[in-house]
>>> print(open('upload.cif').read())   # mmCIF, C-alpha atoms and all ligand atoms
data_final
loop_
_atom_site.label_atom_id
_atom_site.label_comp_id
_atom_site.auth_asym_id
_atom_site.auth_seq_id
_atom_site.Cartn_x
_atom_site.Cartn_y
_atom_site.Cartn_z
CA MET A 140 16.07 -10.98 -17.76
CA LEU A 141 16.23 -8.07 -15.34
CA ASN A 142 19.18 -5.71 -15.71
CA LEU A 143 19.53 -3.61 -12.57
CA ASN A 144 22.07 -0.87 -11.90
CA PHE A 145 22.08 -1.28 -8.10
CA ASP A 146 22.90 -4.03 -5.63
CA TYR A 147 22.08 -5.02 -2.03
CA LYS A 148 25.08 -3.13 -0.65
CA THR A 149 24.01 0.23 -2.15
CA VAL A 150 20.44 -0.32 -0.96
CA VAL A 151 21.66 -0.85 2.63
CA LYS A 152 23.89 2.22 2.43
CA THR A 153 20.97 4.43 1.34
CA SER A 154 18.68 2.86 3.90
CA GLU A 155 21.16 3.71 6.69
CA ARG A 156 21.46 7.28 5.46
CA VAL A 157 17.73 8.02 5.38
CA GLU A 158 16.45 6.04 8.36
CA TRP A 159 14.13 7.64 10.96
CA THR A 160 12.64 6.61 14.26
CA LEU A 161 9.02 6.19 15.22
CA ASP A 162 9.25 8.84 17.96
CA ASP A 163 10.84 11.36 15.55
CA VAL A 164 7.85 11.09 13.23
CA LEU A 165 4.95 10.54 15.61
CA PRO A 166 5.70 11.05 19.32
CA GLU A 167 3.35 9.23 21.71
CA GLY A 168 0.33 11.36 22.62
CA THR A 169 0.32 13.43 19.39
CA ARG A 170 -3.12 15.01 18.84
CA LEU A 171 -4.59 14.99 15.34
CA ASP A 172 -5.92 18.14 13.67
CA PHE A 173 -9.30 17.30 12.18
CA SER A 174 -9.72 20.81 10.77
CA ARG A 175 -7.40 19.83 7.90
CA LEU A 176 -7.74 17.32 5.06
CA PHE A 177 -5.48 14.30 5.49
CA LEU A 178 -5.17 12.66 2.05
CA PRO A 179 -5.13 15.10 -0.91
CA PRO A 180 -8.61 15.35 -2.51
CA VAL A 181 -7.14 14.21 -5.84
CA LEU A 182 -6.56 10.78 -4.27
CA VAL A 183 -10.07 10.55 -2.80
CA PRO A 184 -12.33 12.34 -5.28
CA GLY A 185 -16.10 12.27 -4.80
CA ALA A 186 -17.64 15.44 -6.26
CA GLU A 187 -20.58 13.36 -7.54
CA LEU A 188 -21.68 12.78 -3.93
CA THR A 189 -23.67 16.02 -4.07
CA PHE A 190 -25.77 15.02 -1.05
CA LEU A 191 -22.69 15.56 1.18
CA SER A 192 -21.92 18.98 2.67
CA ASP A 193 -18.34 20.32 2.71
CA ALA A 194 -17.97 19.21 6.33
CA GLU A 195 -19.22 15.74 5.42
CA GLN A 196 -16.76 15.53 2.51
CA ARG A 197 -13.98 16.33 4.98
CA LEU A 198 -15.31 13.61 7.27
CA ARG A 199 -15.20 11.18 4.33
CA ASN A 200 -11.62 12.27 3.69
CA HIS A 201 -10.66 11.51 7.30
CA ILE A 202 -12.36 8.11 7.30
CA THR A 203 -10.64 7.19 4.01
CA SER A 204 -7.24 8.42 5.19
CA ASN A 205 -7.43 6.31 8.34
CA ALA A 206 -8.44 3.25 6.29
CA TYR A 207 -5.64 4.01 3.81
CA LEU A 208 -2.98 3.83 6.52
CA ASN A 209 -4.59 0.74 8.01
CA LEU A 210 -4.45 -0.92 4.58
CA PHE A 211 -0.70 -0.37 4.47
CA ALA A 212 -0.26 -1.79 7.98
CA PHE A 213 -2.49 -4.68 6.85
CA VAL A 214 -0.39 -5.67 3.82
CA GLU A 215 2.86 -5.07 5.69
CA GLU A 216 1.96 -8.15 7.76
CA TYR A 217 2.67 -10.48 4.84
CA ILE A 218 5.57 -8.33 3.56
CA ILE A 219 7.44 -8.72 6.89
CA ALA A 220 7.03 -12.51 6.72
CA MET A 221 8.04 -12.55 3.05
CA ALA A 222 11.21 -10.50 3.64
CA LEU A 223 12.23 -12.78 6.52
CA GLN A 224 11.59 -15.89 4.39
CA HIS A 225 13.84 -14.46 1.68
CA ALA A 226 16.53 -13.60 4.27
CA HIS A 227 16.32 -17.15 5.58
CA ALA A 228 16.68 -18.57 2.07
CA GLU A 229 19.98 -16.66 1.82
CA MET A 230 21.33 -18.12 5.07
CA PHE A 231 25.10 -18.80 4.79
CA GLY A 232 25.01 -17.16 1.38
CA ASP A 233 25.13 -13.49 0.34
CA HIS A 234 25.44 -11.48 3.56
CA ASP A 235 24.73 -8.17 1.80
CA ALA A 236 21.40 -9.63 0.70
CA ILE A 237 20.69 -10.91 4.23
CA ARG A 238 21.36 -7.43 5.67
CA ALA A 239 19.17 -5.74 3.07
CA LEU A 240 16.32 -8.20 3.66
CA CYS A 241 16.56 -8.01 7.47
CA ARG A 242 16.48 -4.19 7.30
CA PHE A 243 13.53 -4.46 4.91
CA ALA A 244 11.62 -6.59 7.47
CA ASP A 245 12.64 -4.28 10.32
CA GLU A 246 11.53 -1.17 8.45
CA GLU A 247 8.17 -2.71 7.57
CA THR A 248 7.68 -3.64 11.23
CA LYS A 249 8.44 0.00 12.09
CA HIS A 250 5.97 1.24 9.42
CA GLN A 251 3.30 -1.01 10.88
CA ALA A 252 3.99 0.38 14.35
CA LEU A 253 3.82 3.94 12.96
CA PHE A 254 0.51 3.37 11.20
CA LYS A 255 -0.97 1.56 14.19
CA ARG A 256 0.10 4.41 16.49
CA TYR A 257 -1.52 6.89 14.10
CA CYS A 258 -4.72 4.85 13.80
CA ALA A 259 -4.90 4.58 17.62
CA ALA A 260 -4.57 8.40 17.85
CA PHE A 261 -7.26 8.66 15.17
CA ASP A 262 -9.60 6.41 17.16
CA ARG A 263 -8.95 8.47 20.31
CA ASP A 264 -9.48 11.91 18.69
CA PHE A 265 -12.13 11.11 16.05
CA GLY A 266 -14.76 10.43 18.68
CA HIS A 267 -16.48 7.51 16.95
CA PRO A 268 -15.46 3.89 16.33
CA CYS A 269 -13.91 3.55 12.89
CA ASP A 270 -14.31 0.21 11.10
CA VAL A 271 -11.23 -1.07 9.28
CA LEU A 272 -10.04 -4.41 7.91
CA SER A 273 -8.71 -6.81 10.51
CA SER A 274 -7.17 -10.33 10.39
CA PRO A 275 -4.01 -9.40 8.46
CA ALA A 276 -2.29 -12.64 9.56
CA GLU A 277 -5.05 -14.75 7.99
CA VAL A 278 -4.74 -12.86 4.69
CA ALA A 279 -0.93 -13.04 4.90
CA GLY A 280 -1.20 -16.84 5.08
CA VAL A 281 -3.24 -16.91 1.84
CA ILE A 282 -0.86 -14.55 0.02
CA LEU A 283 2.26 -16.44 1.11
CA GLY A 284 0.73 -19.67 -0.22
CA LYS A 285 1.03 -18.34 -3.78
CA ALA A 286 4.04 -18.59 -6.12
CA PRO A 287 6.98 -16.60 -4.63
CA ILE A 288 7.34 -14.65 -7.92
CA ALA A 289 3.67 -13.61 -7.68
CA VAL A 290 4.09 -12.55 -4.04
CA MET A 291 7.11 -10.45 -5.01
CA LEU A 292 5.22 -8.91 -7.93
CA VAL A 293 2.36 -7.87 -5.64
CA THR A 294 4.92 -6.40 -3.23
CA LEU A 295 6.69 -4.43 -5.95
CA HIS A 296 3.29 -3.22 -7.20
CA LEU A 297 2.34 -1.98 -3.71
CA GLU A 298 5.70 -0.41 -2.95
CA LEU A 299 5.71 1.51 -6.21
CA ILE A 300 2.21 2.89 -5.72
CA THR A 301 3.07 4.06 -2.20
CA GLN A 302 5.83 6.15 -3.72
CA LEU A 303 3.66 7.38 -6.56
CA HIS A 304 0.94 8.65 -4.22
CA TYR A 305 3.54 10.63 -2.30
CA THR A 306 5.56 12.09 -5.17
CA ASP A 307 2.57 12.94 -7.38
CA SER A 308 0.03 14.19 -4.86
CA VAL A 309 1.34 14.65 -1.32
CA LYS A 310 4.81 16.21 -1.75
CA ASP A 311 4.71 20.03 -1.36
CA ASN A 312 0.92 19.95 -0.96
CA ALA A 313 0.21 22.80 1.47
CA ALA A 314 -3.53 22.09 1.45
CA ILE A 315 -3.30 18.96 3.59
CA ASP A 316 -2.44 18.23 7.20
CA PRO A 317 1.37 18.49 7.60
CA LEU A 318 1.49 15.57 10.04
CA PHE A 319 -0.25 13.23 7.61
CA ALA A 320 2.06 14.43 4.81
CA LYS A 321 5.11 13.83 7.03
CA LEU A 322 4.00 10.25 7.72
CA LEU A 323 3.68 9.54 4.01
CA LYS A 324 7.02 11.22 3.27
CA CYS A 325 8.84 9.06 5.82
CA HIS A 326 7.14 5.96 4.44
CA TRP A 327 8.08 6.91 0.87
CA ILE A 328 11.77 7.41 1.79
CA GLU A 329 12.11 3.82 2.96
CA GLU A 330 9.76 2.29 0.40
CA SER A 331 12.09 3.52 -2.34
CA GLN A 332 14.70 1.06 -1.07
CA HIS A 333 12.17 -1.74 -0.69
CA ALA A 334 11.15 -1.53 -4.34
CA ARG A 335 14.82 -2.01 -5.26
CA ILE A 336 15.09 -5.07 -3.03
CA ASP A 337 11.92 -6.45 -4.65
CA GLN A 338 13.57 -6.11 -8.05
CA LEU A 339 16.79 -7.76 -6.85
CA GLU A 340 14.80 -10.63 -5.38
CA LEU A 341 12.73 -10.93 -8.56
CA GLN A 342 15.97 -11.16 -10.52
CA LYS A 343 17.00 -14.06 -8.28
CA LEU A 344 13.61 -15.80 -8.35
CA THR A 345 13.25 -15.65 -12.13
CA ARG A 346 16.73 -16.97 -12.93
CA GLY A 347 16.26 -20.20 -14.86
CA VAL A 348 12.45 -19.95 -14.79
CA ASP A 349 10.72 -20.83 -18.07
CA ARG A 350 7.77 -19.00 -19.67
CA ALA A 351 5.22 -21.52 -18.43
CA GLN A 352 6.34 -21.06 -14.80
CA LEU A 353 6.29 -17.30 -15.23
CA GLN A 354 2.78 -17.44 -16.63
CA LEU A 355 1.62 -19.47 -13.63
CA ALA A 356 3.13 -16.81 -11.36
CA VAL A 357 1.29 -14.08 -13.28
CA ASP A 358 -1.93 -16.14 -12.85
CA ASP A 359 -1.33 -16.03 -9.09
CA TYR A 360 -0.58 -12.30 -9.21
CA VAL A 361 -3.85 -11.65 -11.07
CA GLU A 362 -5.74 -13.82 -8.58
CA LEU A 363 -4.21 -11.93 -5.65
CA LEU A 364 -5.30 -8.61 -7.15
CA GLY A 365 -8.85 -9.96 -7.43
CA ALA A 366 -8.79 -11.06 -3.78
CA PHE A 367 -7.41 -7.67 -2.74
CA ASP A 368 -10.24 -6.01 -4.64
CA GLY A 369 -12.68 -7.98 -2.48
CA LEU A 370 -11.02 -6.57 0.64
CA LEU A 371 -11.22 -3.05 -0.78
CA LYS A 372 -14.95 -3.52 -1.39
CA SER A 373 -15.39 -4.60 2.23
CA GLN A 374 -13.46 -1.53 3.40
CA ALA A 375 -15.68 0.70 1.27
CA GLU A 376 -18.79 -0.78 2.92
CA MET A 377 -17.24 -0.31 6.37
CA ASP A 378 -16.55 3.34 5.49
CA CYS A 379 -20.29 3.85 4.92
CA ALA A 380 -21.12 2.47 8.36
CA THR A 381 -18.44 4.67 9.95
CA PHE A 382 -19.66 7.69 8.01
CA GLU A 383 -23.27 7.24 9.15
CA ARG A 384 -22.16 6.82 12.75
CA ALA A 385 -19.81 9.81 12.75
CA SER A 386 -22.05 12.17 10.80
CA GLN A 387 -25.05 11.10 12.89
CA ARG A 388 -26.99 11.08 9.68
CA GLY A 389 -28.84 8.19 8.12
CA LEU A 390 -28.25 7.70 4.41
CA SER A 391 -30.95 6.46 2.04
CA ASP A 392 -30.24 3.13 0.31
CA GLU A 393 -29.41 5.04 -2.86
CA GLN A 394 -27.00 7.41 -1.08
CA ARG A 395 -25.31 4.53 0.76
CA LYS A 396 -24.85 2.70 -2.53
CA ALA A 397 -23.36 5.81 -4.15
CA LEU A 398 -20.98 6.41 -1.23
CA ALA A 399 -19.84 2.76 -1.15
CA GLY A 400 -19.36 2.86 -4.94
CA VAL A 401 -17.17 5.98 -4.79
CA GLN A 402 -15.10 4.60 -1.90
CA HIS A 403 -14.55 1.28 -3.67
CA ARG A 404 -13.66 2.96 -6.96
CA ASN A 405 -11.17 5.24 -5.20
CA TYR A 406 -9.47 2.36 -3.35
CA ARG A 407 -9.26 0.41 -6.62
CA ARG A 408 -7.62 3.35 -8.35
CA LEU A 409 -5.22 3.91 -5.47
CA PHE A 410 -4.17 0.33 -4.80
CA LEU A 411 -4.79 -1.62 -8.03
CA HIS A 412 -4.99 0.59 -11.11
CA ALA A 413 -2.00 2.78 -10.11
CA GLY A 414 0.27 -0.29 -10.06
CA LEU A 415 -1.09 -1.80 -13.27
CA VAL A 416 -0.16 1.35 -15.21
CA HIS A 417 3.06 2.12 -13.30
CA LYS A 418 5.91 2.57 -15.77
CA MET A 419 8.56 0.85 -13.67
CA PHE A 420 6.26 -2.05 -12.79
CA LEU A 421 5.41 -2.66 -16.43
CA GLU A 422 9.05 -2.31 -17.48
CA THR A 423 10.08 -4.86 -14.87
CA LEU A 424 7.43 -7.30 -16.10
CA GLY A 425 8.30 -6.59 -19.72
CA SER A 426 11.95 -7.42 -19.16
CA LEU A 427 10.86 -10.79 -17.71
CA ASP A 428 8.33 -11.55 -20.43
CA PRO A 429 6.67 -9.13 -22.90
CA ASP A 430 3.48 -11.26 -22.91
CA ALA A 431 3.19 -10.97 -19.13
CA ARG A 432 3.54 -7.22 -19.43
CA ALA A 433 0.80 -7.02 -22.06
CA ARG A 434 -1.54 -9.22 -20.00
CA VAL A 435 -1.08 -7.16 -16.84
CA ALA A 436 -1.37 -3.83 -18.68
CA GLY A 437 -4.62 -5.12 -20.17
CA LEU A 438 -6.07 -5.56 -16.69
CA ALA A 439 -5.82 -1.86 -15.86
CA GLY A 440 -9.26 -1.11 -17.33
CA THR A 441 -10.89 -3.60 -14.93
CA TYR A 442 -9.79 -1.52 -11.95
CA ALA A 443 -10.07 2.01 -13.39
FE FE A 501 5.96 0.08 4.46
FE FE A 502 7.87 -1.54 1.92
#
>>> encode(input="upload.cif", output="C-alpha cells", more="lines below")
Ligand SMILES: [Fe+2]
Ligand SMILES: [Fe+2]
Amino acid sequence: MLNLNFDYKTVVKTSERVEWTLDDVLPEGTRLDFSRLFLPPVLVPGAELTFLSDAEQRLRNHITSNAYLNLFAFVEEYIIAMALQHAHAEMFGDHDAIRALCRFADEETKHQALFKRYCAAFDRDFGHPCDVLSSPAEVAGVILGKAPIAVMLVTLHLELITQLHYTDSVKDNAAIDPLFAKLLKCHWIEESQHARIDQLELQKLTRGVDRAQLQLAVDDYVELLGAFDGLLKSQAEMDCATFERASQRGLSDEQRKALAGVQHRNYRRLFLHAGLVHKMFLETLGSLDPDARARVAGLAGTYA
C-alpha cells in the first residue's frame, strides 16, 4: 500500500508555477559550443580508453550527450501515450487527475520537442552525421503491451534517474556547457512532478491487486529493462561508428570493442543501474511488496 503525502491538485499547482517554454530554453537557431563538455565526465567516464587523446575524449562526450538527449526523447514517445491513456481512463471521473495527466502528456511532448530541437542543432553544428536510435513508436507499442503496473514502474524508474543525474552531477557544475546544463535543469523541474504522478497512478493501479498479479507486473518490468539494455547496446555500437566518422580515425577491432564496451557500460549505469538502486524507487516497490523490492534490488549488479 502506497502512502503519499501529495495529490493531483498540488502536483498541478507546482507544475503551473515552474513551467517554461521551449523558446525560453532553446531559441530557434541557437549555436552549440563544442569547446565545452556537455554531460559531466562523472556520468560518462572512460579513463581506461587510453588510446583516445583529450580532444577525442571530448568528442566522445559530445556524441554521448547527444545520444543521451535522444534517448529521453525516444522513451518520451511511450510516456506521452501512457499519460493520455491514463487520462482517458479517468474520463468523467477525477478532474484533478485528468488535468495532472494531460499536463504530464503536454510537458513530455514539449520535452521531446526541446530534445529534438537540440539534436537538430547538434547535427547542424557537429559537422558529421550522428547515429542515434530511431523508431520510438515501434518500441512504444511493445512497452505499452505490457502490464500497466510494469509500464508505470519503468516510467517512475526513468523519471527518478533523470532527476538524480541533474541533482547529483549537473547542478552547479561550472565545468560543463551552461546551455546543456540549462536543458537538464528545465527537464528536471518538470520531471519532479511527473514522478509524483507516477506514484499516484501506481497507487490507483495497485489497489486491490494481489501478490501474484504484482509479481507478473514485476516480471514485465524486468523484461522491459532487458529489452532497454539491448537498445543501449545498439546505441553504444552506433557511437563507435559516429566516433570513427567524426574523428576521421580508424579504430582497431580491439579499440572499437573497448569503446563500445565503455559506452554500453555507461548507458547501463545511467539508465538502468541508477534506477535499480534509487532510494525512492525501492521504497515505492517495498511499500507495494517487500519481495518485489528485494528482487529488483538484486538486479542492480547485472547492470553495474
Ligand atoms: Fe521528460
Ligand atoms: Fe517525465
>>> closest_residue(input="upload.cif", among="A:Val164, A:Ala194, A:Ala212, A:Val151", to="ligand FE 501 (chain A)", atoms="all atoms listed in the file")
A:Ala212
>>> residues_around(input="upload.cif", residues="A:Lys255", least_positions_apart="4", cutoff="10 Å", atoms="only C-alpha atoms", output="ChimeraX atom specification")
/A:205,208-209,211-213,249-251,259-261
>>> residues_around(input="upload.cif", residues="A:Gln342", least_positions_apart="2", cutoff="12 Å", atoms="only C-alpha atoms", output="PyMOL selection string")
chain A and resi 140-143+145-146+288+291-292+335-340+344-348+423-424+426-427
>>> residues_near_ligand(input="upload.cif", ligand="ligand FE 501 (chain A)", cutoff="7 Å", atoms="all atoms listed in the file", output="ChimeraX atom specification")
/A:211,215,246-247,250,326,330
>>> residues_around(input="upload.cif", residues="A:Leu303", least_positions_apart="4", cutoff="12 Å", atoms="only C-alpha atoms", output="list in words")
Leu182, His296, Leu297, Glu298, Leu299, Asp307, Ser308, Val309, Lys310, Leu323, Lys324, His326, Trp327, Ile328, Glu330, Ser331, Ala334, Leu409, Phe410, His412, Ala413, Gly414, Val416, His417, Lys418, Met419 and Phe420 of chain A
>>> atom_distance(input="upload.cif", atom1="atom CA of A:Asp172", atom2="atom CA of A:Arg199")
14.9 Å
>>> atom_distance(input="upload.cif", atom1="atom CA of A:Ile218", atom2="atom CA of A:Val281")
12.4 Å
>>> atom_distance(input="upload.cif", atom1="atom CA of A:Gln394", atom2="atom CA of A:Ala443")
21.6 Å
>>> closest_residue(input="upload.cif", among="A:Thr301, A:Ser154, A:Ser174, A:Thr169", to="ligand FE 502 (chain A)", atoms="only C-alpha atoms and all ligand atoms")
A:Thr301
